[in-house]
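For reference, data-v8.cif is printed below; it contains mmCIF, C-alpha atoms and all ligand atoms.
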```cif
data_structure
loop_
_atom_site.group_PDB
_atom_site.id
_atom_site.type_symbol
_atom_site.label_atom_id
_atom_site.label_comp_id
_atom_site.auth_asym_id
_atom_site.auth_seq_id
_atom_site.Cartn_x
_atom_site.Cartn_y
_atom_site.Cartn_z
ATOM 1 C CA MET A 1 2.799 6.926 29.064
ATOM 2 C CA VAL A 2 2.140 9.150 26.061
ATOM 3 C CA VAL A 3 5.171 11.025 24.783
ATOM 4 C CA ASP A 4 4.814 14.674 23.792
ATOM 5 C CA LEU A 5 6.489 14.390 20.400
ATOM 6 C CA ARG A 6 6.840 18.122 19.747
ATOM 7 C CA HIS A 7 9.604 18.454 22.337
ATOM 8 C CA LYS A 8 11.227 15.128 21.820
ATOM 9 C CA ASP A 9 14.802 14.712 20.631
ATOM 10 C CA PHE A 10 14.934 11.673 18.419
ATOM 11 C CA PRO A 11 18.268 9.916 17.918
ATOM 12 C CA GLN A 12 19.686 11.268 14.686
ATOM 13 C CA GLU A 13 21.345 8.026 13.653
ATOM 14 C CA ALA A 14 19.343 4.934 12.988
ATOM 15 C CA SER A 15 19.564 2.649 15.992
ATOM 16 C CA ALA A 16 21.656 -0.498 15.676
ATOM 17 C CA ALA A 17 18.749 -2.436 17.153
ATOM 18 C CA PRO A 18 16.543 -4.119 14.558
ATOM 19 C CA ILE A 19 13.078 -2.697 14.008
ATOM 20 C CA GLU A 20 10.930 -4.464 16.519
ATOM 21 C CA SER A 21 8.081 -5.495 14.302
ATOM 22 C CA LEU A 22 5.413 -7.554 15.988
ATOM 23 C CA ASP A 23 5.669 -10.021 13.141
ATOM 24 C CA ASN A 24 8.544 -11.689 14.918
ATOM 25 C CA GLN A 25 6.429 -12.369 17.950
ATOM 26 C CA GLN A 26 3.072 -13.429 16.567
ATOM 27 C CA SER A 27 1.696 -15.310 13.620
ATOM 28 C CA VAL A 28 0.827 -13.112 10.664
ATOM 29 C CA VAL A 29 -2.784 -13.016 9.532
ATOM 30 C CA LEU A 30 -2.652 -10.501 6.684
ATOM 31 C CA THR A 31 0.160 -9.885 4.244
ATOM 32 C CA VAL A 32 0.214 -7.030 1.749
ATOM 33 C CA GLU A 33 2.866 -6.984 -0.982
ATOM 34 C CA LYS A 34 3.518 -4.455 -3.725
ATOM 35 C CA LEU A 35 -0.004 -3.047 -3.485
ATOM 36 C CA ALA A 36 -0.516 -0.290 -6.044
ATOM 37 C CA LEU A 37 -3.630 1.728 -6.869
ATOM 38 C CA SER A 38 -4.251 4.434 -9.452
ATOM 39 C CA LEU A 39 -7.409 6.532 -9.550
ATOM 40 C CA GLY A 40 -8.230 9.197 -12.097
ATOM 41 C CA GLY A 41 -4.776 8.798 -13.660
ATOM 42 C CA LYS A 42 -3.031 9.440 -10.328
ATOM 43 C CA GLU A 43 -0.947 6.956 -8.369
ATOM 44 C CA ILE A 44 -2.636 6.741 -4.976
ATOM 45 C CA LEU A 45 -0.754 3.758 -3.532
ATOM 46 C CA GLN A 46 2.685 2.545 -4.604
ATOM 47 C CA GLN A 47 4.570 -0.579 -3.570
ATOM 48 C CA VAL A 48 2.698 -0.797 -0.281
ATOM 49 C CA GLY A 49 3.833 -3.715 1.829
ATOM 50 C CA PHE A 50 3.205 -4.657 5.451
ATOM 51 C CA SER A 51 1.810 -7.440 7.571
ATOM 52 C CA LEU A 52 -0.623 -7.734 10.450
ATOM 53 C CA PRO A 53 -0.226 -10.005 13.448
ATOM 54 C CA ALA A 54 -3.135 -12.212 14.496
ATOM 55 C CA SER A 55 -4.224 -9.764 17.195
ATOM 56 C CA GLY A 56 -3.527 -6.252 18.445
ATOM 57 C CA VAL A 57 -4.046 -2.804 16.988
ATOM 58 C CA THR A 58 -2.098 -1.479 14.029
ATOM 59 C CA SER A 59 -2.408 2.297 13.797
ATOM 60 C CA VAL A 60 -1.942 3.909 10.398
ATOM 61 C CA ILE A 61 -0.706 7.469 10.601
ATOM 62 C CA GLY A 62 0.356 9.979 7.974
ATOM 63 C CA PRO A 63 -0.543 13.329 6.456
ATOM 64 C CA SER A 64 -3.814 14.057 4.720
ATOM 65 C CA GLY A 65 -3.845 12.556 1.247
ATOM 66 C CA ALA A 66 -1.228 9.910 2.113
ATOM 67 C CA GLY A 67 -3.574 7.141 0.956
ATOM 68 C CA LYS A 68 -4.657 5.762 4.342
ATOM 69 C CA SER A 69 -8.385 5.527 3.560
ATOM 70 C CA SER A 70 -7.645 4.210 0.073
ATOM 71 C CA LEU A 71 -5.553 1.462 1.627
ATOM 72 C CA LEU A 72 -8.417 0.390 3.906
ATOM 73 C CA ARG A 73 -10.792 0.412 0.950
ATOM 74 C CA CYS A 74 -8.471 -1.948 -0.956
ATOM 75 C CA LEU A 75 -8.213 -4.304 2.001
ATOM 76 C CA ASN A 76 -11.961 -4.831 2.275
ATOM 77 C CA GLY A 77 -12.683 -4.842 -1.454
ATOM 78 C CA LEU A 78 -14.445 -1.503 -1.743
ATOM 79 C CA GLU A 79 -11.639 -0.617 -4.134
ATOM 80 C CA THR A 80 -10.872 -3.481 -6.504
ATOM 81 C CA GLY A 81 -8.747 -1.924 -9.254
ATOM 82 C CA TRP A 82 -5.443 -2.425 -7.463
ATOM 83 C CA SER A 83 -2.470 -4.598 -8.338
ATOM 84 C CA GLY A 84 -0.181 -6.566 -6.059
ATOM 85 C CA SER A 85 -1.019 -9.141 -3.456
ATOM 86 C CA VAL A 86 -3.228 -9.111 -0.346
ATOM 87 C CA GLN A 87 -3.433 -12.398 1.517
ATOM 88 C CA ILE A 88 -5.460 -13.317 4.584
ATOM 89 C CA ASP A 89 -4.344 -16.505 6.304
ATOM 90 C CA GLY A 90 -2.366 -17.280 3.159
ATOM 91 C CA SER A 91 -5.358 -16.918 0.803
ATOM 92 C CA ASP A 92 -5.451 -14.289 -1.927
ATOM 93 C CA ILE A 93 -8.437 -12.013 -1.256
ATOM 94 C CA ARG A 94 -9.183 -11.860 -5.000
ATOM 95 C CA GLN A 95 -9.994 -15.567 -4.800
ATOM 96 C CA TRP A 96 -12.160 -15.176 -1.685
ATOM 97 C CA ARG A 97 -14.955 -17.727 -1.593
ATOM 98 C CA GLY A 98 -18.186 -15.865 -2.325
ATOM 99 C CA GLY A 99 -16.368 -12.879 -3.819
ATOM 100 C CA TRP A 100 -15.992 -9.321 -2.556
ATOM 101 C CA ASP A 101 -19.320 -9.320 -0.679
ATOM 102 C CA GLN A 102 -18.199 -12.248 1.446
ATOM 103 C CA LEU A 103 -14.780 -10.680 1.939
ATOM 104 C CA ARG A 104 -16.451 -7.554 3.331
ATOM 105 C CA ARG A 105 -18.212 -9.684 5.936
ATOM 106 C CA HIS A 106 -14.813 -10.924 7.111
ATOM 107 C CA VAL A 107 -12.990 -7.620 6.823
ATOM 108 C CA GLY A 108 -15.238 -5.013 8.444
ATOM 109 C CA LEU A 109 -14.723 -1.334 7.679
ATOM 110 C CA ILE A 110 -15.956 1.392 10.010
ATOM 111 C CA ALA A 111 -16.012 4.845 8.516
ATOM 112 C CA GLN A 112 -15.258 8.145 10.201
ATOM 113 C CA LYS A 113 -18.884 9.253 9.966
ATOM 114 C CA PRO A 114 -21.169 6.681 11.573
ATOM 115 C CA LEU A 115 -23.660 5.184 9.165
ATOM 116 C CA VAL A 116 -26.705 3.957 11.057
ATOM 117 C CA PHE A 117 -29.817 2.659 9.351
ATOM 118 C CA ASP A 118 -33.219 4.183 9.904
ATOM 119 C CA ALA A 119 -34.289 1.311 12.154
ATOM 120 C CA SER A 120 -34.096 0.305 15.808
ATOM 121 C CA ILE A 121 -30.850 -0.107 17.711
ATOM 122 C CA ARG A 122 -31.481 -3.867 17.802
ATOM 123 C CA ALA A 123 -32.133 -4.073 14.046
ATOM 124 C CA ASN A 124 -28.949 -2.117 13.334
ATOM 125 C CA VAL A 125 -26.837 -4.628 15.265
ATOM 126 C CA CYS A 126 -28.576 -7.521 13.496
ATOM 127 C CA PHE A 127 -28.298 -5.984 10.040
ATOM 128 C CA GLY A 128 -25.572 -8.259 8.674
ATOM 129 C CA LEU A 129 -26.801 -11.449 10.295
ATOM 130 C CA HIS A 130 -28.356 -14.205 8.286
ATOM 131 C CA GLY A 131 -31.489 -15.585 9.932
ATOM 132 C CA TRP A 132 -31.494 -12.957 12.635
ATOM 133 C CA ARG A 133 -35.185 -13.542 13.231
ATOM 134 C CA GLN A 134 -34.184 -16.477 15.353
ATOM 135 C CA ARG A 135 -34.811 -14.169 18.227
ATOM 136 C CA ARG A 136 -33.143 -15.997 21.074
ATOM 137 C CA ARG A 137 -29.794 -16.228 19.345
ATOM 138 C CA ALA A 138 -30.119 -12.670 18.064
ATOM 139 C CA ASP A 139 -30.850 -11.371 21.570
ATOM 140 C CA GLU A 140 -27.672 -12.957 22.906
ATOM 141 C CA LEU A 141 -25.660 -11.645 20.001
ATOM 142 C CA VAL A 142 -27.083 -8.133 20.318
ATOM 143 C CA LYS A 143 -26.120 -8.086 23.966
ATOM 144 C CA THR A 144 -22.572 -9.389 23.545
ATOM 145 C CA SER A 145 -21.895 -7.194 20.505
ATOM 146 C CA LEU A 146 -23.118 -4.077 22.308
ATOM 147 C CA GLN A 147 -21.105 -5.018 25.384
ATOM 148 C CA GLN A 148 -17.968 -5.467 23.290
ATOM 149 C CA ALA A 149 -18.605 -2.080 21.712
ATOM 150 C CA ALA A 150 -18.982 -0.531 25.202
ATOM 151 C CA LEU A 151 -22.547 0.591 24.446
ATOM 152 C CA TRP A 152 -24.739 -1.970 26.219
ATOM 153 C CA ASP A 153 -25.148 -0.096 29.512
ATOM 154 C CA GLU A 154 -26.371 3.007 27.706
ATOM 155 C CA VAL A 155 -28.927 1.336 25.435
ATOM 156 C CA CYS A 156 -30.068 -1.887 27.125
ATOM 157 C CA GLU A 157 -33.341 -0.266 28.196
ATOM 158 C CA ARG A 158 -34.186 1.035 24.730
ATOM 159 C CA LEU A 159 -33.134 -1.507 22.143
ATOM 160 C CA ASP A 160 -36.266 -0.856 20.096
ATOM 161 C CA ALA A 161 -35.720 2.910 19.940
ATOM 162 C CA PRO A 162 -34.602 4.385 16.597
ATOM 163 C CA ALA A 163 -30.825 4.268 16.217
ATOM 164 C CA THR A 164 -30.945 7.818 14.882
ATOM 165 C CA THR A 165 -31.835 9.035 18.398
ATOM 166 C CA LEU A 166 -28.360 8.067 19.632
ATOM 167 C CA SER A 167 -25.571 10.622 19.977
ATOM 168 C CA VAL A 168 -22.824 10.571 17.341
ATOM 169 C CA GLY A 169 -20.426 8.859 19.761
ATOM 170 C CA GLN A 170 -23.057 6.232 20.529
ATOM 171 C CA GLN A 171 -23.806 5.776 16.823
ATOM 172 C CA GLN A 172 -20.127 5.127 16.170
ATOM 173 C CA ARG A 173 -20.112 2.442 18.857
ATOM 174 C CA LEU A 174 -23.297 1.010 17.328
ATOM 175 C CA CYS A 175 -21.458 0.702 14.007
ATOM 176 C CA ILE A 176 -18.683 -1.166 15.816
ATOM 177 C CA ALA A 177 -21.285 -3.471 17.420
ATOM 178 C CA ARG A 178 -22.861 -4.124 14.001
ATOM 179 C CA ALA A 179 -19.468 -4.944 12.490
ATOM 180 C CA ILE A 180 -18.455 -7.329 15.271
ATOM 181 C CA ALA A 181 -21.852 -9.089 15.359
ATOM 182 C CA ILE A 182 -20.872 -10.873 12.149
ATOM 183 C CA LYS A 183 -17.574 -11.946 13.702
ATOM 184 C CA PRO A 184 -15.062 -10.433 11.289
ATOM 185 C CA LYS A 185 -11.551 -11.793 10.921
ATOM 186 C CA ILE A 186 -10.154 -8.264 10.735
ATOM 187 C CA LEU A 187 -11.651 -4.887 11.641
ATOM 188 C CA LEU A 188 -10.613 -1.704 9.848
ATOM 189 C CA LEU A 189 -11.467 1.655 11.407
ATOM 190 C CA ASP A 190 -11.011 4.923 9.541
ATOM 191 C CA GLU A 191 -10.591 7.752 12.056
ATOM 192 C CA PRO A 192 -13.270 6.235 14.307
ATOM 193 C CA THR A 193 -12.993 8.893 16.994
ATOM 194 C CA ALA A 194 -12.380 12.008 14.919
ATOM 195 C CA SER A 195 -14.644 14.793 16.173
ATOM 196 C CA LEU A 196 -15.938 12.794 19.144
ATOM 197 C CA ASP A 197 -15.950 14.011 22.736
ATOM 198 C CA PRO A 198 -13.195 12.706 25.065
ATOM 199 C CA ARG A 199 -15.521 10.271 26.859
ATOM 200 C CA SER A 200 -16.770 8.661 23.625
ATOM 201 C CA LYS A 201 -13.189 8.501 22.383
ATOM 202 C CA GLN A 202 -12.120 6.760 25.574
ATOM 203 C CA LEU A 203 -14.969 4.241 25.330
ATOM 204 C CA ILE A 204 -14.168 3.436 21.714
ATOM 205 C CA GLU A 205 -10.480 3.002 22.498
ATOM 206 C CA GLN A 206 -11.398 0.645 25.369
ATOM 207 C CA SER A 207 -13.606 -1.328 23.041
ATOM 208 C CA MET A 208 -10.870 -1.482 20.394
ATOM 209 C CA LEU A 209 -8.290 -2.719 22.881
ATOM 210 C CA GLN A 210 -10.691 -5.403 24.071
ATOM 211 C CA LEU A 211 -11.532 -6.533 20.535
ATOM 212 C CA ALA A 212 -7.872 -6.523 19.586
ATOM 213 C CA GLN A 213 -7.231 -9.316 22.050
ATOM 214 C CA ALA A 214 -9.009 -11.650 19.632
ATOM 215 C CA ILE A 215 -8.599 -10.176 16.133
ATOM 216 C CA PRO A 216 -6.337 -7.673 14.395
ATOM 217 C CA LEU A 217 -7.598 -4.106 14.184
ATOM 218 C CA VAL A 218 -6.304 -1.464 11.802
ATOM 219 C CA CYS A 219 -7.029 2.076 12.951
ATOM 220 C CA VAL A 220 -6.324 5.113 10.783
ATOM 221 C CA THR A 221 -5.811 8.088 13.033
ATOM 222 C CA HIS A 222 -4.480 11.636 12.979
ATOM 223 C CA ASP A 223 -4.284 11.519 16.767
ATOM 224 C CA LEU A 224 -0.703 10.490 17.526
ATOM 225 C CA GLU A 225 -1.428 10.219 21.239
ATOM 226 C CA GLN A 226 -4.198 7.788 20.404
ATOM 227 C CA ALA A 227 -1.798 5.705 18.308
ATOM 228 C CA GLN A 228 0.491 5.533 21.340
ATOM 229 C CA ARG A 229 -2.348 4.581 23.676
ATOM 230 C CA LEU A 230 -3.472 1.801 21.343
ATOM 231 C CA LYS A 231 0.039 0.315 21.486
ATOM 232 C CA GLY A 232 0.501 -2.560 19.026
ATOM 233 C CA GLN A 233 2.274 -1.488 15.881
ATOM 234 C CA VAL A 234 2.242 1.659 13.784
ATOM 235 C CA ILE A 235 2.497 2.149 10.042
ATOM 236 C CA PHE A 236 3.588 5.577 8.838
ATOM 237 C CA MET A 237 2.377 6.367 5.328
ATOM 238 C CA CYS A 238 3.197 9.275 3.125
ATOM 239 C CA ASP A 239 2.522 9.972 -0.523
ATOM 240 C CA GLY A 240 0.987 6.559 -1.142
ATOM 241 C CA ARG A 241 3.884 4.605 0.354
ATOM 242 C CA VAL A 242 4.652 2.900 3.646
ATOM 243 C CA ILE A 243 7.645 4.761 5.018
ATOM 244 C CA GLU A 244 8.011 2.823 8.241
ATOM 245 C CA GLN A 245 6.323 0.014 10.147
ATOM 246 C CA ALA A 246 7.335 -0.765 13.713
ATOM 247 C CA ALA A 247 6.087 -1.530 17.190
ATOM 248 C CA SER A 248 4.386 1.579 18.591
ATOM 249 C CA HIS A 249 6.941 2.336 21.318
ATOM 250 C CA GLN A 250 9.764 1.855 18.829
ATOM 251 C CA LEU A 251 8.301 4.100 16.153
ATOM 252 C CA PHE A 252 7.450 6.906 18.571
ATOM 253 C CA ASN A 253 10.708 6.757 20.509
ATOM 254 C CA GLN A 254 13.215 5.711 17.877
ATOM 255 C CA PRO A 255 11.846 6.401 14.411
ATOM 256 C CA GLN A 256 14.273 5.052 11.845
ATOM 257 C CA GLN A 257 13.366 7.197 8.861
ATOM 258 C CA ILE A 258 13.933 10.917 8.584
ATOM 259 C CA GLU A 259 10.446 11.379 7.116
ATOM 260 C CA THR A 260 8.923 9.732 10.185
ATOM 261 C CA ARG A 261 10.966 11.920 12.517
ATOM 262 C CA GLU A 262 9.869 15.058 10.724
ATOM 263 C CA PHE A 263 6.239 14.009 10.711
ATOM 264 C CA LEU A 264 6.269 13.178 14.427
ATOM 265 C CA ARG A 265 7.884 16.463 15.270
ATOM 266 C CA TRP A 266 6.109 18.857 12.929
ATOM 267 C CA ASN A 267 3.048 16.905 11.784
ATOM 268 C CA VAL A 268 4.014 17.533 8.184
ATOM 269 C CA CYS A 269 5.930 15.470 5.697
ATOM 270 C CA ASP A 270 7.677 16.360 2.498
ATOM 271 C CA CYS A 271 8.012 13.051 0.704
ATOM 272 C CA ASP A 272 7.459 14.326 -2.832
HETATM 273 N N1 LIG A 301 -11.738 8.377 -6.637
HETATM 274 C C1 LIG A 301 -10.638 9.121 -6.658
HETATM 275 N N2 LIG A 301 -10.181 9.691 -7.786
HETATM 276 C C2 LIG A 301 -9.040 10.415 -7.808
HETATM 277 N N3 LIG A 301 -8.288 10.641 -6.712
HETATM 278 C C3 LIG A 301 -8.707 10.107 -5.557
HETATM 279 C C4 LIG A 301 -9.879 9.318 -5.441
HETATM 280 N N4 LIG A 301 -10.015 8.904 -4.164
HETATM 281 C C5 LIG A 301 -8.963 9.429 -3.508
HETATM 282 N N5 LIG A 301 -8.183 10.141 -4.329
HETATM 283 C C6 LIG A 301 -6.948 10.838 -3.979
HETATM 284 O O1 LIG A 301 -6.094 9.879 -3.384
HETATM 285 C C7 LIG A 301 -5.261 10.493 -2.410
HETATM 286 C C8 LIG A 301 -5.350 9.679 -1.138
HETATM 287 O O2 LIG A 301 -6.666 9.831 -0.604
HETATM 288 P P1 LIG A 301 -7.062 9.165 0.785
HETATM 289 O O3 LIG A 301 -8.480 9.540 1.046
HETATM 290 O O4 LIG A 301 -6.734 7.733 0.721
HETATM 291 O O5 LIG A 301 -6.070 9.907 1.779
HETATM 292 P P2 LIG A 301 -6.009 9.870 3.351
HETATM 293 O O6 LIG A 301 -4.609 9.538 3.737
HETATM 294 O O7 LIG A 301 -7.080 8.998 3.869
HETATM 295 O O8 LIG A 301 -6.297 11.384 3.733
HETATM 296 P P3 LIG A 301 -7.089 12.019 4.989
HETATM 297 O O9 LIG A 301 -6.140 11.898 6.155
HETATM 298 O O10 LIG A 301 -7.323 13.440 4.594
HETATM 299 O O11 LIG A 301 -8.356 11.239 5.172
HETATM 300 C C9 LIG A 301 -5.750 11.924 -2.289
HETATM 301 O O12 LIG A 301 -4.881 12.740 -3.023
HETATM 302 C C10 LIG A 301 -7.126 11.893 -2.906
HETATM 303 O O13 LIG A 301 -7.463 13.139 -3.454
HETATM 304 MG MG MG A 302 -8.809 9.329 5.006
#
```
Will you turn the file into structure tokens for me?
Amino acid sequence: MVVDLRHKDFPQEASAAPIESLDNQQSVVLTVEKLALSLGGKEILQQVGFSLPASGVTSVIGPSGAGKSSLLRCLNGLETGWSGSVQIDGSDIRQWRGGWDQLRRHVGLIAQKPLVFDASIRANVCFGLHGWRQRRRADELVKTSLQQAALWDEVCERLDAPATTLSVGQQQRLCIARAIAIKPKILLLDEPTASLDPRSKQLIEQSMLQLAQAIPLVCVTHDLEQAQRLKGQVIFMCDGRVIEQAASHQLFNQPQQIETREFLRWNVCDCD
């Protein structure tokens, strides 16, 4: 059930119950501590800390400019000028074998605007694969990746057609298929369904929930109902900081911080 937050009365006092973070229930695969980033002389991220369980979706919510996209860019090494610690399976990502390029193969990032290459649908899925010309293996991988991205049924008859002929919703699912073809350890999605039609949004959410059974997904979204549908845990960010991290049902029903309550109710936050 999705709660309409505009009419919800949140408890005014912090609940006596501990915050039900998923970390207590599952092994942690990614740990972020004291992450800080400055760009152009401005502090973009400050003292960011959180952890990701080995599977499930973590939604990142917060007002525009909170630092959500910047955070994702730090996690997959597109932004490298940060301080603090980011560890995957206990290993510091700065020491990743093969450097940032290899890290990006393990930590996929899907942008809001789908980026497809001017090539066939098949070639787009195979883009990150080494030795993809081994056709038999590639064919299997193309099929399973497109199935996992909930796109196979729509494109199986035209795998050699240009990817640019797909609709925007289909292109976004193609980007997901391309990212999962290289079997990432973690998948980051930055507003993957913003400006998509309801059907495409539903298909992408289905695909995310399926993928999240095996690996952790981080999904930045402005759609609070989506964050509730994706379950898992939610991180609320504002002004470059993590204000609250909790299991989805806990954060939406019993937010502990006044900033979170205000944001859920009014969709604005005044953290400055
Ligand atoms: N290269 C840069 N130089 C200076 N400031 C930057 C740079 N990149 C981002 N910022 C600033 O960092 C802040 C956080 O940006 P970011 O894109 O991470 O926010 P966001 O939470 O993803 O916002 P939105 O919800 O609008 O996508 C913003 O104030 C932005 O203007
Ligand atoms: Mg953003």
ask   = Can you tell me, as a VMD selection string, what residues are no more than 10 Å from segment 95-110 of chain A when counting only C-alpha atoms, ignoring any on the same chain fewer than 5 positions away?
value = chain A and resid 72 to 73 75 to 80 87 to 88 115 128 to 129 172 to 173 175 to 176 178 to 180 182 to 192 217 to 219
query = Pick from A:Thr193, A:Gln47, A:Gln254, A:Ser38: nearest to ligand LIG 301 (chain A), with only C-alpha atoms and all ligand atoms counted?
reply =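 Answer, going by the shortest atom-to-atom distance: A:Ser38.
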query = How would you write, as an MDAnalysis selection string, the set of residues no farther than 9 Å from ligand LIG 301 (chain A) when counting only C-alpha atoms and all ligand atoms?
reply = chainID A and resid 38:45 61:73 190:191 220:222 237:240
query = So which one's closest to Phe50 of chain A, A:Arg137, A:Lys143, A:Arg265, A:Arg241? Using only C-alpha atoms, please.
reply =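 Closest residue, counting only C-alpha atoms: A:Arg241.
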Proximity to ligand MG 302 (chain A) - best of A:Leu230, A:Ala194, A:Val32, A:Leu159, all atoms listed in the file =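 Nearest to ligand MG 302 (chain A): A:Ala194.
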